[in-house]
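Have a look at the structure below, then the notes.
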Amino acid sequence: MKELTEQTKQNITNMILDYYAEECEVDRDSLTMATRPQEDLESDSLMFVEMVETMSDKYDLDIKLQSIGKYLLKTPMNTMQDVADMFCKIYQYGNDIVNQ
């Protein structure tokens with residue numbers, strides 16, 4: 001398990017908001033933690049997979065999409081806050097996210 005600092009949390013949140021702003025072609029300042037990726041931005045699962053790969057590369061993580069999929073079955077991501085929380089858990093727990 002990796003230690004999740006406030007700085008790392010902020011970096012992950014910024015990475016997510018920057019990614020959605022660029023991919024969905026919206027102003028970064030228009031995104032809030034209450035923004036709903038699917039409903040408000042029309043994001044799709046491929047974007048999510050790309051974000052997982054980006055995070056894996058940036059933080060040198062070995063993440064299996066199967067583990068994340070199992071986690072998502074019990075914890076849906078409705079808002080940017082949900083996405084940020086999940087990515088922080090991925091950082092902290094890796095494939096053990098399933099047990100969180």
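Labels for the structure tokens follow display order: chains A, B, ..., residues from 1 in each chain, ligands from 1.
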Picked from segment 28-97 of chain A by DSSP as helix (DSSP H, G or I), as a ChimeraX atom specification = /A:28-30,37-41,45-59,65-74,80-97
message = When you count only C-alpha atoms, which of these residues is closest to Glu53 of chain A: A:Met77, A:Ala21, A:Ala34, A:Ile90?
response = A:Ile90
inquiry  = Considering only C-alpha atoms, can you say which of A:Gln92, A:Asn99, A:Asn14, A:Gln81 comes closest to Tyr59 of chain A?
reply    =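 Among A:Gln92, A:Asn99, A:Asn14, A:Gln81, it is A:Gln92 that comes nearest to Tyr59 of chain A.
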Residues within 12 Å of Lys58 of chain A, only C-alpha atoms, excluding chain neighbours under 3 positions, as a PDB file with C-alpha atoms, in the first residue's frame:
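Writing done, so here's result-v4.pdb:
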```
ATOM      1  CA  THR A   8      -0.698  13.392  -4.403  1.00  0.00           C
ATOM      2  CA  ASN A  11      -2.108  15.991  -8.351  1.00  0.00           C
ATOM      3  CA  ILE A  12      -4.500  13.134  -9.145  1.00  0.00           C
ATOM      4  CA  MET A  15      -4.784  15.120 -13.731  1.00  0.00           C
ATOM      5  CA  MET A  51      -6.938   7.650 -17.810  1.00  0.00           C
ATOM      6  CA  VAL A  52      -6.065   4.433 -15.968  1.00  0.00           C
ATOM      7  CA  GLU A  53      -3.161   3.862 -18.374  1.00  0.00           C
ATOM      8  CA  THR A  54      -1.971   7.451 -17.947  1.00  0.00           C
ATOM      9  CA  MET A  55      -2.052   7.136 -14.180  1.00  0.00           C
ATOM     10  CA  LEU A  61       1.522   1.268 -11.008  1.00  0.00           C
ATOM     11  CA  ASP A  62       0.611  -2.228 -12.166  1.00  0.00           C
ATOM     12  CA  TYR A  91      -2.936   4.842  -6.264  1.00  0.00           C
TER      13      TYR A  91
END
```
Determine, counting only C-alpha atoms, which protein, DNA and RNA residues have an atom within 10 Å of an atom of Met33 of chain A; residues of the same chain fewer than 5 positions away are not included. Present the result as a PDB file with N, CA and C atoms, in the first residue's frame.
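Output (result_21.pdb):
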```pdb
ATOM      1  N   THR A  13      -6.312  14.692  -8.711  1.00  0.00           N
ATOM      2  CA  THR A  13      -7.513  15.458  -9.049  1.00  0.00           C
ATOM      3  C   THR A  13      -7.244  16.370 -10.241  1.00  0.00           C
ATOM      4  N   LEU A  17      -9.165  16.290 -13.933  1.00  0.00           N
ATOM      5  CA  LEU A  17      -9.865  17.455 -14.485  1.00  0.00           C
ATOM      6  C   LEU A  17      -9.218  17.933 -15.783  1.00  0.00           C
ATOM      7  N   THR A  79     -19.833  11.296 -10.242  1.00  0.00           N
ATOM      8  CA  THR A  79     -19.327  12.674 -10.287  1.00  0.00           C
ATOM      9  C   THR A  79     -17.799  12.671 -10.398  1.00  0.00           C
ATOM     10  N   MET A  80     -17.247  13.832 -10.666  1.00  0.00           N
ATOM     11  CA  MET A  80     -15.787  13.962 -10.693  1.00  0.00           C
ATOM     12  C   MET A  80     -15.194  13.603  -9.333  1.00  0.00           C
ATOM     13  N   GLN A  81     -15.910  13.915  -8.258  1.00  0.00           N
ATOM     14  CA  GLN A  81     -15.425  13.552  -6.925  1.00  0.00           C
ATOM     15  C   GLN A  81     -15.314  12.037  -6.804  1.00  0.00           C
ATOM     16  N   ASP A  82     -16.299  11.310  -7.328  1.00  0.00           N
ATOM     17  CA  ASP A  82     -16.241   9.847  -7.313  1.00  0.00           C
ATOM     18  C   ASP A  82     -15.039   9.339  -8.104  1.00  0.00           C
ATOM     19  N   VAL A  83     -14.799   9.948  -9.257  1.00  0.00           N
ATOM     20  CA  VAL A  83     -13.665   9.550 -10.092  1.00  0.00           C
ATOM     21  C   VAL A  83     -12.359   9.812  -9.347  1.00  0.00           C
ATOM     22  N   ALA A  84     -12.223  10.992  -8.762  1.00  0.00           N
ATOM     23  CA  ALA A  84     -11.003  11.339  -8.026  1.00  0.00           C
ATOM     24  C   ALA A  84     -10.793  10.401  -6.841  1.00  0.00           C
TER      25      ALA A  84
END
```
Spatial neighbours of segment 41-44 of chain A, 9 Å, only C-alpha atoms, chain gap at least 3 places, as number ranges by chain = A: 20, 23-24, 26, 35-38, 47-48
